[in-house]
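The structure appears right after this line, and notes come after that.
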Amino acid sequence: MTKEKLVVVGNGMAGCRAVQEILKRDPHRYEITIFGAEPRVNYDRIMLSPVLAGEKSFADIVINDEAWYRDNGLTLHAGLAVARIDAAGRKVQAADGRVFAYDRLILATGSDAIRLPLPGAELEGVVTFRDLDDVEAMTAACAVPGRRAVVIGGGLLGIEAAYGLARRGMAATVVHLMDVLMERQLDASAGFLLTQAMAARGVETVLEAQSEEIVGQDGRVAGLRLKDGRLLPCDLLVMSVGIRPSVALARDAGLAVGRGVVVDDQMRTSDLHVFAVGECVEHRGQCYGLVAPIWEMCRALGETLTAGAGLYQGSVLSTRLKVSGVDVFSAGRFSGGAGCEDIVFRDAGRGVYKRIVLEAGKVVGAVLFGDAADGAWYFDLMKSGEQVGDFRETLVFGQAATEGLRGLDPSAAVAAMADTAEVCGCNGVCKGQVTAAITDQGLSTLESVRAVTKASASCGTCAPLIEKLLRLTLGDGFQEQTGPKPVCGCTAHGHDEVRRRILAEELKSIPAVMQALEWSTPDGCPSCRPALNYYLICAWPGEYRDDRQSRFVNERVHANIQKDGTFSVVPRMWGGTTSADELRAIADVVDRFQIPSVKVTGGQRIDLLGVKKDDLPAVWAELNAAGLVSGHAYAKGLRTVKTCVGSDWCRFGTQDSTGLGVRLEKFMWGSWSPAKVKLGVSGCPRNCAEATCKDIGVVCVDSGYEIHVGGAAGLHVRATELLTKVASEDEAVWAICAVMQLYREQGWYLERIYKWMERVGLDAIRAAVEDPERRRALYDRFAWSQRFHRIDPWAERVAGRDHHEFNPLSRRMEFEPS
């Protein structure tokens, strides 16, 4: 049987999702060819914001890898746009001149970012925020210290762009025409809280401001002038003022076009053989720029092109903001209006604001700030039109409180959901898809459901609902995870049990552990092998030999790999101190090896970026010759000890904070731990070394030293908690090494100190450190381990150890897909 030819113009989320819906229903019906203007596979565009913020990598947001196209018999022309459609002849002409025939054509051309026609808009450094190329341009701008960014537009993407730039070290300012940020999704109260939250994250906001001119210097952007005469200096300007459906291809082909490509309820255009989905579409006079309507369009199109019965009737919208630590949800008529009633809840201490809008006893809108856990519940109430009068008094307190007070079975609401009800908005996964996967494929964990269906694989907010579906579907067969989760899918054992048995049974190799604990795979996986390698290093210092194949590439080559395949090199600077000789040596290395970028880090180090892999041993050799050793900036271990100048120079310094920092770093460097560890030592309570947001921090006071633990200043931001106070520098060193060793022995692999502290409890850590015998035993074990680990890996590599890591074959294999 000859297959029909289906051509898809657009390799983005809409185009590939439409193909998935077709394959799911009739995998053998079409010979499918996909054109994509971007030179890459399909990725999750809505997760570009976490990529810009450094919270995810491109690999984390790939939806369909090369194997998906190959396994489904799809032909992908990545990096090749379609230039023309011959609707009468049913052909498309690619940008390279080749012509391809089709029986059915899907347009998924998406949208284009709107660029304001301001004077200076053509200057270098003026970008939009639509695709990975834009993200890479913004990331490159962040690499130069001290740069400033202005984002025009305080909508959803503008806020996310500004946050991402601030996370990467730029001073970011949002300029917004209206008096409320995200005014299409938030009311004035929520907008006020968002402005405060962004300020706390380093983003300045200028409201009710109209842009007049982009000011340039030497062909580059230098600032933004506002109508009121103010000049906002900047080195990067991001326009995030909206999108416009990409319709030029359809218009030139003679298809009906309004704001977008006009389609009917079956997603068919004015040509019977041409269909359209996604942001390029206009349906019943409405264009959509959010992902949930796109998934609904694709489901309808999948039905249309297989069973012929697809039906799309428009979408009700909800919005979530992807800014770390800022929980925002909005849906429906959140601003109310005539005939509406507001239910408002505020918690000033937690920064929570909730507004539920009712009309005729039904939820018609909601805006949540600071606690959006019940967003999906309110959204379901809104879509279903359920009367809420019986539980109006508790409605604002959320689903759990409302249903608990009503005496309802917590699972009843989940059971009542239709199979077509969407449970994961990011990836468009319905309840029926999840329950079918659980039943048909024997899935029993959140991780397995995520791997098969992609539900909860993006932002993760639907994870509790997916777990409820597991419990509902499996019934008595569902075994809730009451203890720690398994290390990975290769074993049923948790981290604590694995660590306990390594010591109790004197297991001293990865094969021995896998055999004794009955691993279900022959060689483990990328999740368990690095964990086992660390646990063995910690348990048997001097006896266990580090397994380099169980290390990630950064730890194997003792440098951080960058997006272009080059590496960064960070020499250690004890306590943040350096000398003229060391700086000259670094400058000589930069010149000799033509290293393109040098950056001062937040940890008081110098980062050499763009080092070729072939050059790494020679770079290390020259740095070693000047007395510089590896800064372990790539390591799950001690990275930096940041200090202030302390009593040596500062008028307010109470103790020698620099000397203590140098002493700590020289004793603790080279130590491996479950996750990266950063220390800070401040010479007085003014805390110039920012010790109270480090994993372990010291604040010097007149009477001695305060030891703090459990801070974080990355993806999660939290202050330390006071662990103990000591009188002398020696006692400070003993206490810090003791808590470090306790963490090394108890922490789960990749678990930061603050997560470990939350799990075991600060009181338990304090009891161990303040007990003289336990503290001494922990300190002694740490000191013993350091006899074997205070070795410069750069010097070992220069001497020839693991030299094969730098030959072309190993490098080529390193980048091959698994």
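Naming works like this for the structure tokens: A, B, ... for the chains as they're shown, residue 1 at the start of each chain, ligands 1 onward in shown order.
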>> Env of A:Gly670: 7 Å cut, atoms = only C-alpha atoms, seq-sep filter 2 positions within chain, self excluded. Answer as a list in words.
In response: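 Listed by chain and then number, they are Leu638, Met668, Trp672, His789, Arg790 and Ile791 of chain A.
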Please, could you write that set of residues out with N, CA, C and O atoms as a PDB file, in the first residue's frame?
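File result.pdb, as written:
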ATOM      1  N   LEU A 638      34.797  20.386  47.839  1.00  0.00           N
ATOM      2  CA  LEU A 638      35.069  21.756  48.227  1.00  0.00           C
ATOM      3  C   LEU A 638      35.480  22.577  47.014  1.00  0.00           C
ATOM      4  O   LEU A 638      36.434  22.235  46.318  1.00  0.00           O
ATOM      5  N   MET A 668      41.173  21.666  53.597  1.00  0.00           N
ATOM      6  CA  MET A 668      40.008  20.942  53.101  1.00  0.00           C
ATOM      7  C   MET A 668      39.996  20.736  51.594  1.00  0.00           C
ATOM      8  O   MET A 668      39.160  20.000  51.079  1.00  0.00           O
ATOM      9  N   TRP A 672      36.205  15.185  48.526  1.00  0.00           N
ATOM     10  CA  TRP A 672      34.999  14.899  47.750  1.00  0.00           C
ATOM     11  C   TRP A 672      33.804  14.870  48.691  1.00  0.00           C
ATOM     12  O   TRP A 672      33.913  14.511  49.865  1.00  0.00           O
ATOM     13  N   HIS A 789      43.507  12.650  49.513  1.00  0.00           N
ATOM     14  CA  HIS A 789      42.782  13.443  48.520  1.00  0.00           C
ATOM     15  C   HIS A 789      43.325  14.839  48.307  1.00  0.00           C
ATOM     16  O   HIS A 789      42.895  15.522  47.375  1.00  0.00           O
ATOM     17  N   ARG A 790      44.244  15.299  49.145  1.00  0.00           N
ATOM     18  CA  ARG A 790      44.838  16.621  48.916  1.00  0.00           C
ATOM     19  C   ARG A 790      45.962  16.497  47.895  1.00  0.00           C
ATOM     20  O   ARG A 790      47.142  16.718  48.184  1.00  0.00           O
ATOM     21  N   ILE A 791      45.568  16.109  46.696  1.00  0.00           N
ATOM     22  CA  ILE A 791      46.513  15.906  45.595  1.00  0.00           C
ATOM     23  C   ILE A 791      45.983  16.688  44.399  1.00  0.00           C
ATOM     24  O   ILE A 791      44.790  16.616  44.082  1.00  0.00           O
TER      25      ILE A 791
END
>> Just to confirm, what's the straight-line distance from atom CA of A:Leu507 to atom CA of A:Ser671 in Å (one decimal)?
In response: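 Distance between the two atoms: 21.2 Å.
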>> Run DSSP on the backbone and tell me which residues of stretch 551-658 of chain A come out as strand (DSSP E); list them as a VMD selection string.
In response: chain A and resid 560 to 561 567 to 569 597 to 600 606 to 611 638 to 643
Close residues, A:Met198 itself excluded, 10 Å, only C-alpha atoms, min 3 positions apart in chain, as a short mmCIF file (atom, residue, chain, number, x, y, z; two decimals) with C-alpha atoms, in the first residue's frame:
data_model
loop_
_atom_site.label_atom_id
_atom_site.label_comp_id
_atom_site.auth_asym_id
_atom_site.auth_seq_id
_atom_site.Cartn_x
_atom_site.Cartn_y
_atom_site.Cartn_z
CA ILE A 159 9.89 38.92 33.36
CA GLU A 160 11.43 35.51 32.71
CA ALA A 162 15.06 39.66 33.07
CA TYR A 163 15.21 37.06 35.82
CA ALA A 166 19.99 38.62 36.60
CA ALA A 172 18.63 43.83 34.71
CA THR A 173 15.88 46.43 34.38
CA VAL A 174 12.36 45.81 33.07
CA LEU A 193 4.06 41.41 44.93
CA LEU A 194 5.72 40.39 41.68
CA THR A 195 7.53 43.73 41.50
CA ARG A 201 16.12 38.79 42.70
CA GLY A 202 18.11 41.71 41.36
CA VAL A 203 15.65 42.98 38.74
CA GLU A 204 14.70 46.68 38.77
CA THR A 205 11.28 47.63 37.42
CA VAL A 323 10.84 32.16 37.83
CA VAL A 326 8.07 32.94 42.50
#
>> Going by DSSP on the backbone, which residues of stretch 236-479 of chain A come out as helix (DSSP H, G or I)? List them as a ChimeraX atom specification.
In response: /A:248-252,278-280,291-304,375-384,389-397,399-405,412-416,431-441,446-453,463-477
>> Applying 8 Å and only C-alpha atoms, which residues near stretch 461-473 of chain A remain after dropping the ones on its own chain fewer than 2 positions away? List them as a list in words.
In response: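 In the requested form, the answer reads Ala373, Ser411, Val414, Ala415, Val423, Cys424, Lys431, Val434, Thr435, Ile438, Thr439, Ser444, Thr445, Leu446, Ala455, Ser456, Cys459, Gly475, Phe478 and Glu480 of chain A.
Note that the spacing between atom CA of A:Gln313 and atom CA of A:Phe329 amounts to 23.7 Å.
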> Hey, what's within 9 Å of stretch 336-345 of chain A if we count only C-alpha atoms and toss same-chain stuff fewer than 6 positions away? As a VMD selection string, please?
Replying inline: chain A and resid 352 to 361 364 to 365 392 395 to 397
Export N, CA, C and O atoms of the chosen residues as a PDB file, in the first residue's frame?
ATOM      1  N   VAL A 352       1.902  35.649  50.392  1.00  0.00           N
ATOM      2  CA  VAL A 352       0.875  34.912  49.648  1.00  0.00           C
ATOM      3  C   VAL A 352      -0.325  35.818  49.405  1.00  0.00           C
ATOM      4  O   VAL A 352      -0.779  36.546  50.299  1.00  0.00           O
ATOM      5  N   TYR A 353      -0.834  35.762  48.192  1.00  0.00           N
ATOM      6  CA  TYR A 353      -2.054  36.484  47.820  1.00  0.00           C
ATOM      7  C   TYR A 353      -2.873  35.577  46.914  1.00  0.00           C
ATOM      8  O   TYR A 353      -2.362  35.016  45.943  1.00  0.00           O
ATOM      9  N   LYS A 354      -4.158  35.416  47.262  1.00  0.00           N
ATOM     10  CA  LYS A 354      -5.060  34.608  46.444  1.00  0.00           C
ATOM     11  C   LYS A 354      -6.343  35.403  46.199  1.00  0.00           C
ATOM     12  O   LYS A 354      -6.903  35.994  47.128  1.00  0.00           O
ATOM     13  N   ARG A 355      -6.796  35.370  44.975  1.00  0.00           N
ATOM     14  CA  ARG A 355      -8.063  36.011  44.618  1.00  0.00           C
ATOM     15  C   ARG A 355      -8.856  35.050  43.752  1.00  0.00           C
ATOM     16  O   ARG A 355      -8.427  34.689  42.656  1.00  0.00           O
ATOM     17  N   ILE A 356      -9.992  34.619  44.261  1.00  0.00           N
ATOM     18  CA  ILE A 356     -10.882  33.731  43.515  1.00  0.00           C
ATOM     19  C   ILE A 356     -12.113  34.547  43.124  1.00  0.00           C
ATOM     20  O   ILE A 356     -12.754  35.169  43.976  1.00  0.00           O
ATOM     21  N   VAL A 357     -12.441  34.571  41.853  1.00  0.00           N
ATOM     22  CA  VAL A 357     -13.556  35.368  41.343  1.00  0.00           C
ATOM     23  C   VAL A 357     -14.738  34.444  41.039  1.00  0.00           C
ATOM     24  O   VAL A 357     -14.583  33.460  40.287  1.00  0.00           O
ATOM     25  N   LEU A 358     -15.886  34.770  41.626  1.00  0.00           N
ATOM     26  CA  LEU A 358     -17.095  33.979  41.423  1.00  0.00           C
ATOM     27  C   LEU A 358     -18.135  34.794  40.668  1.00  0.00           C
ATOM     28  O   LEU A 358     -18.218  36.018  40.811  1.00  0.00           O
ATOM     29  N   GLU A 359     -18.930  34.106  39.899  1.00  0.00           N
ATOM     30  CA  GLU A 359     -20.083  34.707  39.234  1.00  0.00           C
ATOM     31  C   GLU A 359     -21.188  33.670  39.193  1.00  0.00           C
ATOM     32  O   GLU A 359     -20.965  32.543  38.716  1.00  0.00           O
ATOM     33  N   ALA A 360     -22.331  34.033  39.726  1.00  0.00           N
ATOM     34  CA  ALA A 360     -23.477  33.106  39.765  1.00  0.00           C
ATOM     35  C   ALA A 360     -23.101  31.788  40.440  1.00  0.00           C
ATOM     36  O   ALA A 360     -23.542  30.711  40.018  1.00  0.00           O
ATOM     37  N   GLY A 361     -22.283  31.882  41.492  1.00  0.00           N
ATOM     38  CA  GLY A 361     -21.924  30.694  42.252  1.00  0.00           C
ATOM     39  C   GLY A 361     -20.886  29.806  41.619  1.00  0.00           C
ATOM     40  O   GLY A 361     -20.649  28.690  42.090  1.00  0.00           O
ATOM     41  N   VAL A 364     -15.016  31.806  38.001  1.00  0.00           N
ATOM     42  CA  VAL A 364     -14.796  32.307  36.640  1.00  0.00           C
ATOM     43  C   VAL A 364     -13.388  32.866  36.449  1.00  0.00           C
ATOM     44  O   VAL A 364     -12.992  33.220  35.329  1.00  0.00           O
ATOM     45  N   GLY A 365     -12.609  32.931  37.533  1.00  0.00           N
ATOM     46  CA  GLY A 365     -11.246  33.434  37.412  1.00  0.00           C
ATOM     47  C   GLY A 365     -10.487  33.248  38.709  1.00  0.00           C
ATOM     48  O   GLY A 365     -11.076  33.070  39.783  1.00  0.00           O
ATOM     49  N   ARG A 392     -18.116  27.392  49.573  1.00  0.00           N
ATOM     50  CA  ARG A 392     -17.579  28.723  49.320  1.00  0.00           C
ATOM     51  C   ARG A 392     -16.700  29.202  50.464  1.00  0.00           C
ATOM     52  O   ARG A 392     -15.674  29.855  50.241  1.00  0.00           O
ATOM     53  N   LEU A 395     -13.259  27.679  50.128  1.00  0.00           N
ATOM     54  CA  LEU A 395     -12.727  27.602  48.767  1.00  0.00           C
ATOM     55  C   LEU A 395     -11.322  28.190  48.658  1.00  0.00           C
ATOM     56  O   LEU A 395     -10.427  27.603  48.027  1.00  0.00           O
ATOM     57  N   VAL A 396     -11.083  29.332  49.274  1.00  0.00           N
ATOM     58  CA  VAL A 396      -9.813  30.024  49.110  1.00  0.00           C
ATOM     59  C   VAL A 396      -8.658  29.293  49.801  1.00  0.00           C
ATOM     60  O   VAL A 396      -7.489  29.562  49.526  1.00  0.00           O
ATOM     61  N   PHE A 397      -8.970  28.363  50.703  1.00  0.00           N
ATOM     62  CA  PHE A 397      -7.920  27.626  51.405  1.00  0.00           C
ATOM     63  C   PHE A 397      -7.424  26.406  50.639  1.00  0.00           C
ATOM     64  O   PHE A 397      -6.518  25.705  51.085  1.00  0.00           O
TER      65      PHE A 397
END
Determine, counting only C-alpha atoms, which protein, DNA and RNA residues have an atom within 12 Å of an atom of A:Arg718; residues of the same chain fewer than 2 positions away are not included. Present the result as a PDB file with all heavy atoms, in the first residue's frame.
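selection_3.pdb, written as the output of this step:
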ATOM      1  N   GLY A 325      11.345  30.282  42.681  1.00  0.00           N
ATOM      2  CA  GLY A 325      10.950  30.854  43.949  1.00  0.00           C
ATOM      3  C   GLY A 325       9.763  31.796  43.867  1.00  0.00           C
ATOM      4  O   GLY A 325       9.313  32.313  44.885  1.00  0.00           O
ATOM      5  N   GLU A 690      29.549  37.260  52.663  1.00  0.00           N
ATOM      6  CA  GLU A 690      28.265  36.594  52.397  1.00  0.00           C
ATOM      7  C   GLU A 690      28.251  35.173  52.953  1.00  0.00           C
ATOM      8  O   GLU A 690      27.742  34.236  52.331  1.00  0.00           O
ATOM      9  CB  GLU A 690      27.974  36.590  50.890  1.00  0.00           C
ATOM     10  CG  GLU A 690      27.953  37.986  50.282  1.00  0.00           C
ATOM     11  CD  GLU A 690      28.062  37.990  48.769  1.00  0.00           C
ATOM     12  OE1 GLU A 690      28.431  36.955  48.206  1.00  0.00           O
ATOM     13  OE2 GLU A 690      27.800  39.035  48.160  1.00  0.00           O
ATOM     14  N   ALA A 691      28.816  35.034  54.168  1.00  0.00           N
ATOM     15  CA  ALA A 691      28.946  33.701  54.768  1.00  0.00           C
ATOM     16  C   ALA A 691      27.607  33.072  55.084  1.00  0.00           C
ATOM     17  O   ALA A 691      27.491  31.835  55.140  1.00  0.00           O
ATOM     18  CB  ALA A 691      29.792  33.793  56.042  1.00  0.00           C
ATOM     19  N   THR A 692      26.564  33.879  55.264  1.00  0.00           N
ATOM     20  CA  THR A 692      25.281  33.327  55.681  1.00  0.00           C
ATOM     21  C   THR A 692      24.403  32.852  54.525  1.00  0.00           C
ATOM     22  O   THR A 692      23.212  32.588  54.710  1.00  0.00           O
ATOM     23  CB  THR A 692      24.506  34.359  56.526  1.00  0.00           C
ATOM     24  OG1 THR A 692      24.446  35.592  55.812  1.00  0.00           O
ATOM     25  CG2 THR A 692      25.189  34.583  57.858  1.00  0.00           C
ATOM     26  N   CYS A 693      24.985  32.749  53.329  1.00  0.00           N
ATOM     27  CA  CYS A 693      24.269  32.055  52.252  1.00  0.00           C
ATOM     28  C   CYS A 693      25.159  30.973  51.643  1.00  0.00           C
ATOM     29  O   CYS A 693      24.921  30.516  50.527  1.00  0.00           O
ATOM     30  CB  CYS A 693      23.772  33.031  51.186  1.00  0.00           C
ATOM     31  SG  CYS A 693      25.068  33.895  50.291  1.00  0.00           S
ATOM     32  N   LYS A 694      26.197  30.554  52.389  1.00  0.00           N
ATOM     33  CA  LYS A 694      27.082  29.483  51.934  1.00  0.00           C
ATOM     34  C   LYS A 694      26.645  28.143  52.542  1.00  0.00           C
ATOM     35  O   LYS A 694      25.840  28.094  53.471  1.00  0.00           O
ATOM     36  CB  LYS A 694      28.533  29.778  52.332  1.00  0.00           C
ATOM     37  CG  LYS A 694      29.075  31.103  51.809  1.00  0.00           C
ATOM     38  CD  LYS A 694      29.045  31.169  50.299  1.00  0.00           C
ATOM     39  CE  LYS A 694      29.630  32.477  49.793  1.00  0.00           C
ATOM     40  NZ  LYS A 694      29.429  32.657  48.340  1.00  0.00           N
ATOM     41  N   ASP A 695      27.215  27.083  52.030  1.00  0.00           N
ATOM     42  CA  ASP A 695      26.919  25.770  52.614  1.00  0.00           C
ATOM     43  C   ASP A 695      27.370  25.729  54.070  1.00  0.00           C
ATOM     44  O   ASP A 695      26.663  25.235  54.943  1.00  0.00           O
ATOM     45  CB  ASP A 695      27.633  24.675  51.813  1.00  0.00           C
ATOM     46  CG  ASP A 695      27.113  24.587  50.394  1.00  0.00           C
ATOM     47  OD1 ASP A 695      26.001  24.075  50.209  1.00  0.00           O
ATOM     48  OD2 ASP A 695      27.819  25.041  49.471  1.00  0.00           O
ATOM     49  N   VAL A 709      25.375  26.942  58.979  1.00  0.00           N
ATOM     50  CA  VAL A 709      25.287  25.827  58.029  1.00  0.00           C
ATOM     51  C   VAL A 709      23.968  25.899  57.274  1.00  0.00           C
ATOM     52  O   VAL A 709      22.978  26.425  57.769  1.00  0.00           O
ATOM     53  CB  VAL A 709      25.420  24.470  58.777  1.00  0.00           C
ATOM     54  CG1 VAL A 709      24.216  24.240  59.684  1.00  0.00           C
ATOM     55  CG2 VAL A 709      25.600  23.306  57.817  1.00  0.00           C
ATOM     56  N   GLY A 710      23.989  25.391  56.029  1.00  0.00           N
ATOM     57  CA  GLY A 710      22.748  25.177  55.282  1.00  0.00           C
ATOM     58  C   GLY A 710      22.275  26.335  54.449  1.00  0.00           C
ATOM     59  O   GLY A 710      21.077  26.432  54.161  1.00  0.00           O
ATOM     60  N   GLY A 711      23.184  27.195  53.974  1.00  0.00           N
ATOM     61  CA  GLY A 711      22.768  28.279  53.105  1.00  0.00           C
ATOM     62  C   GLY A 711      22.791  27.863  51.643  1.00  0.00           C
ATOM     63  O   GLY A 711      23.351  26.834  51.268  1.00  0.00           O
ATOM     64  N   ALA A 712      22.177  28.676  50.797  1.00  0.00           N
ATOM     65  CA  ALA A 712      22.179  28.431  49.350  1.00  0.00           C
ATOM     66  C   ALA A 712      21.885  29.739  48.637  1.00  0.00           C
ATOM     67  O   ALA A 712      21.106  30.561  49.136  1.00  0.00           O
ATOM     68  CB  ALA A 712      21.137  27.379  48.970  1.00  0.00           C
ATOM     69  N   ALA A 713      22.512  29.931  47.477  1.00  0.00           N
ATOM     70  CA  ALA A 713      22.293  31.166  46.718  1.00  0.00           C
ATOM     71  C   ALA A 713      22.254  30.884  45.229  1.00  0.00           C
ATOM     72  O   ALA A 713      22.698  31.680  44.422  1.00  0.00           O
ATOM     73  CB  ALA A 713      23.386  32.186  47.027  1.00  0.00           C
ATOM     74  N   GLY A 714      21.723  29.717  44.859  1.00  0.00           N
ATOM     75  CA  GLY A 714      21.633  29.358  43.450  1.00  0.00           C
ATOM     76  C   GLY A 714      20.181  29.225  43.027  1.00  0.00           C
ATOM     77  O   GLY A 714      19.395  30.167  43.141  1.00  0.00           O
ATOM     78  N   LEU A 715      19.835  28.044  42.524  1.00  0.00           N
ATOM     79  CA  LEU A 715      18.456  27.790  42.112  1.00  0.00           C
ATOM     80  C   LEU A 715      17.496  28.023  43.273  1.00  0.00           C
ATOM     81  O   LEU A 715      16.401  28.545  43.113  1.00  0.00           O
ATOM     82  CB  LEU A 715      18.341  26.351  41.593  1.00  0.00           C
ATOM     83  CG  LEU A 715      16.972  25.877  41.158  1.00  0.00           C
ATOM     84  CD1 LEU A 715      16.426  26.771  40.062  1.00  0.00           C
ATOM     85  CD2 LEU A 715      17.029  24.431  40.684  1.00  0.00           C
ATOM     86  N   HIS A 716      17.916  27.615  44.478  1.00  0.00           N
ATOM     87  CA  HIS A 716      17.159  27.885  45.693  1.00  0.00           C
ATOM     88  C   HIS A 716      17.969  28.854  46.544  1.00  0.00           C
ATOM     89  O   HIS A 716      19.182  28.716  46.668  1.00  0.00           O
ATOM     90  CB  HIS A 716      16.893  26.594  46.464  1.00  0.00           C
ATOM     91  CG  HIS A 716      16.137  25.574  45.680  1.00  0.00           C
ATOM     92  ND1 HIS A 716      14.772  25.629  45.514  1.00  0.00           N
ATOM     93  CD2 HIS A 716      16.558  24.494  44.989  1.00  0.00           C
ATOM     94  CE1 HIS A 716      14.375  24.624  44.758  1.00  0.00           C
ATOM     95  NE2 HIS A 716      15.443  23.918  44.427  1.00  0.00           N
ATOM     96  N   THR A 720      21.618  30.664  56.008  1.00  0.00           N
ATOM     97  CA  THR A 720      22.120  29.617  56.889  1.00  0.00           C
ATOM     98  C   THR A 720      21.373  29.648  58.222  1.00  0.00           C
ATOM     99  O   THR A 720      20.664  30.603  58.549  1.00  0.00           O
ATOM    100  CB  THR A 720      23.613  29.815  57.168  1.00  0.00           C
ATOM    101  OG1 THR A 720      23.808  31.152  57.659  1.00  0.00           O
ATOM    102  CG2 THR A 720      24.447  29.605  55.931  1.00  0.00           C
ATOM    103  N   GLU A 721      21.597  28.603  59.008  1.00  0.00           N
ATOM    104  CA  GLU A 721      21.124  28.568  60.389  1.00  0.00           C
ATOM    105  C   GLU A 721      22.338  28.407  61.294  1.00  0.00           C
ATOM    106  O   GLU A 721      23.323  27.755  60.933  1.00  0.00           O
ATOM    107  CB  GLU A 721      20.124  27.435  60.585  1.00  0.00           C
ATOM    108  CG  GLU A 721      18.862  27.626  59.741  1.00  0.00           C
ATOM    109  CD  GLU A 721      17.764  26.631  60.075  1.00  0.00           C
ATOM    110  OE1 GLU A 721      17.547  26.393  61.280  1.00  0.00           O
ATOM    111  OE2 GLU A 721      17.139  26.105  59.143  1.00  0.00           O
ATOM    112  N   ILE A 753      24.048  20.537  51.035  1.00  0.00           N
ATOM    113  CA  ILE A 753      24.070  20.533  52.499  1.00  0.00           C
ATOM    114  C   ILE A 753      22.729  20.971  53.075  1.00  0.00           C
ATOM    115  O   ILE A 753      22.240  20.401  54.054  1.00  0.00           O
ATOM    116  CB  ILE A 753      25.227  21.402  53.030  1.00  0.00           C
ATOM    117  CG1 ILE A 753      26.554  20.638  52.911  1.00  0.00           C
ATOM    118  CG2 ILE A 753      24.994  21.822  54.473  1.00  0.00           C
ATOM    119  CD1 ILE A 753      27.753  21.347  53.505  1.00  0.00           C
ATOM    120  N   TYR A 754      22.099  21.990  52.483  1.00  0.00           N
ATOM    121  CA  TYR A 754      20.836  22.456  53.061  1.00  0.00           C
ATOM    122  C   TYR A 754      19.746  21.412  52.939  1.00  0.00           C
ATOM    123  O   TYR A 754      18.878  21.290  53.821  1.00  0.00           O
ATOM    124  CB  TYR A 754      20.414  23.788  52.440  1.00  0.00           C
ATOM    125  CG  TYR A 754      19.865  23.731  51.040  1.00  0.00           C
ATOM    126  CD1 TYR A 754      18.507  23.615  50.797  1.00  0.00           C
ATOM    127  CD2 TYR A 754      20.713  23.809  49.939  1.00  0.00           C
ATOM    128  CE1 TYR A 754      18.006  23.583  49.509  1.00  0.00           C
ATOM    129  CE2 TYR A 754      20.222  23.772  48.650  1.00  0.00           C
ATOM    130  CZ  TYR A 754      18.871  23.657  48.442  1.00  0.00           C
ATOM    131  OH  TYR A 754      18.378  23.622  47.162  1.00  0.00           O
ATOM    132  N   LYS A 755      19.772  20.615  51.864  1.00  0.00           N
ATOM    133  CA  LYS A 755      18.791  19.533  51.722  1.00  0.00           C
ATOM    134  C   LYS A 755      19.059  18.426  52.744  1.00  0.00           C
ATOM    135  O   LYS A 755      18.119  17.858  53.327  1.00  0.00           O
ATOM    136  CB  LYS A 755      18.859  18.970  50.300  1.00  0.00           C
ATOM    137  CG  LYS A 755      18.317  19.884  49.218  1.00  0.00           C
ATOM    138  CD  LYS A 755      16.813  19.959  49.268  1.00  0.00           C
ATOM    139  CE  LYS A 755      16.246  20.681  48.053  1.00  0.00           C
ATOM    140  NZ  LYS A 755      14.775  20.789  48.111  1.00  0.00           N
ATOM    141  N   GLU A 758      17.814  19.640  56.075  1.00  0.00           N
ATOM    142  CA  GLU A 758      16.359  19.539  56.182  1.00  0.00           C
ATOM    143  C   GLU A 758      15.927  18.098  56.444  1.00  0.00           C
ATOM    144  O   GLU A 758      14.954  17.857  57.158  1.00  0.00           O
ATOM    145  CB  GLU A 758      15.704  20.057  54.902  1.00  0.00           C
ATOM    146  CG  GLU A 758      15.839  21.568  54.706  1.00  0.00           C
ATOM    147  CD  GLU A 758      15.375  22.014  53.335  1.00  0.00           C
ATOM    148  OE1 GLU A 758      15.077  21.131  52.490  1.00  0.00           O
ATOM    149  OE2 GLU A 758      15.326  23.233  53.074  1.00  0.00           O
TER     150      GLU A 758
END
>> Ranking A:Met417, A:Gly610, A:Leu74, A:Ala587 by minimum distance to A:Lys563 and counting only C-alpha atoms, which one comes first?
In response: A:Gly610
>> Report as number ranges by chain all protein, DNA and RNA residues lying within 9 Å of stretch 263-266 of chain A, evaluated on only C-alpha atoms, omitting residues in the same chain fewer than 2 positions from it.
In response: A: 256, 260-261, 268-270, 275-277, 281-284, 297, 300-301, 303-304, 308-314
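Of the residues listed (A:Ala418, A:Leu608, A:Ile765, A:Val367), A:Val367 shows the shortest atom-to-atom separation from A:Gly191; distances use only C-alpha atoms.
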>> Could you tell me how far atom CA of A:Ser318 sits from atom CA of A:Ala250, in Å to one decimal place?
In response: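 Value for the atom CA of A:Ala250-atom CA of A:Ser318 distance: 28.9 Å.
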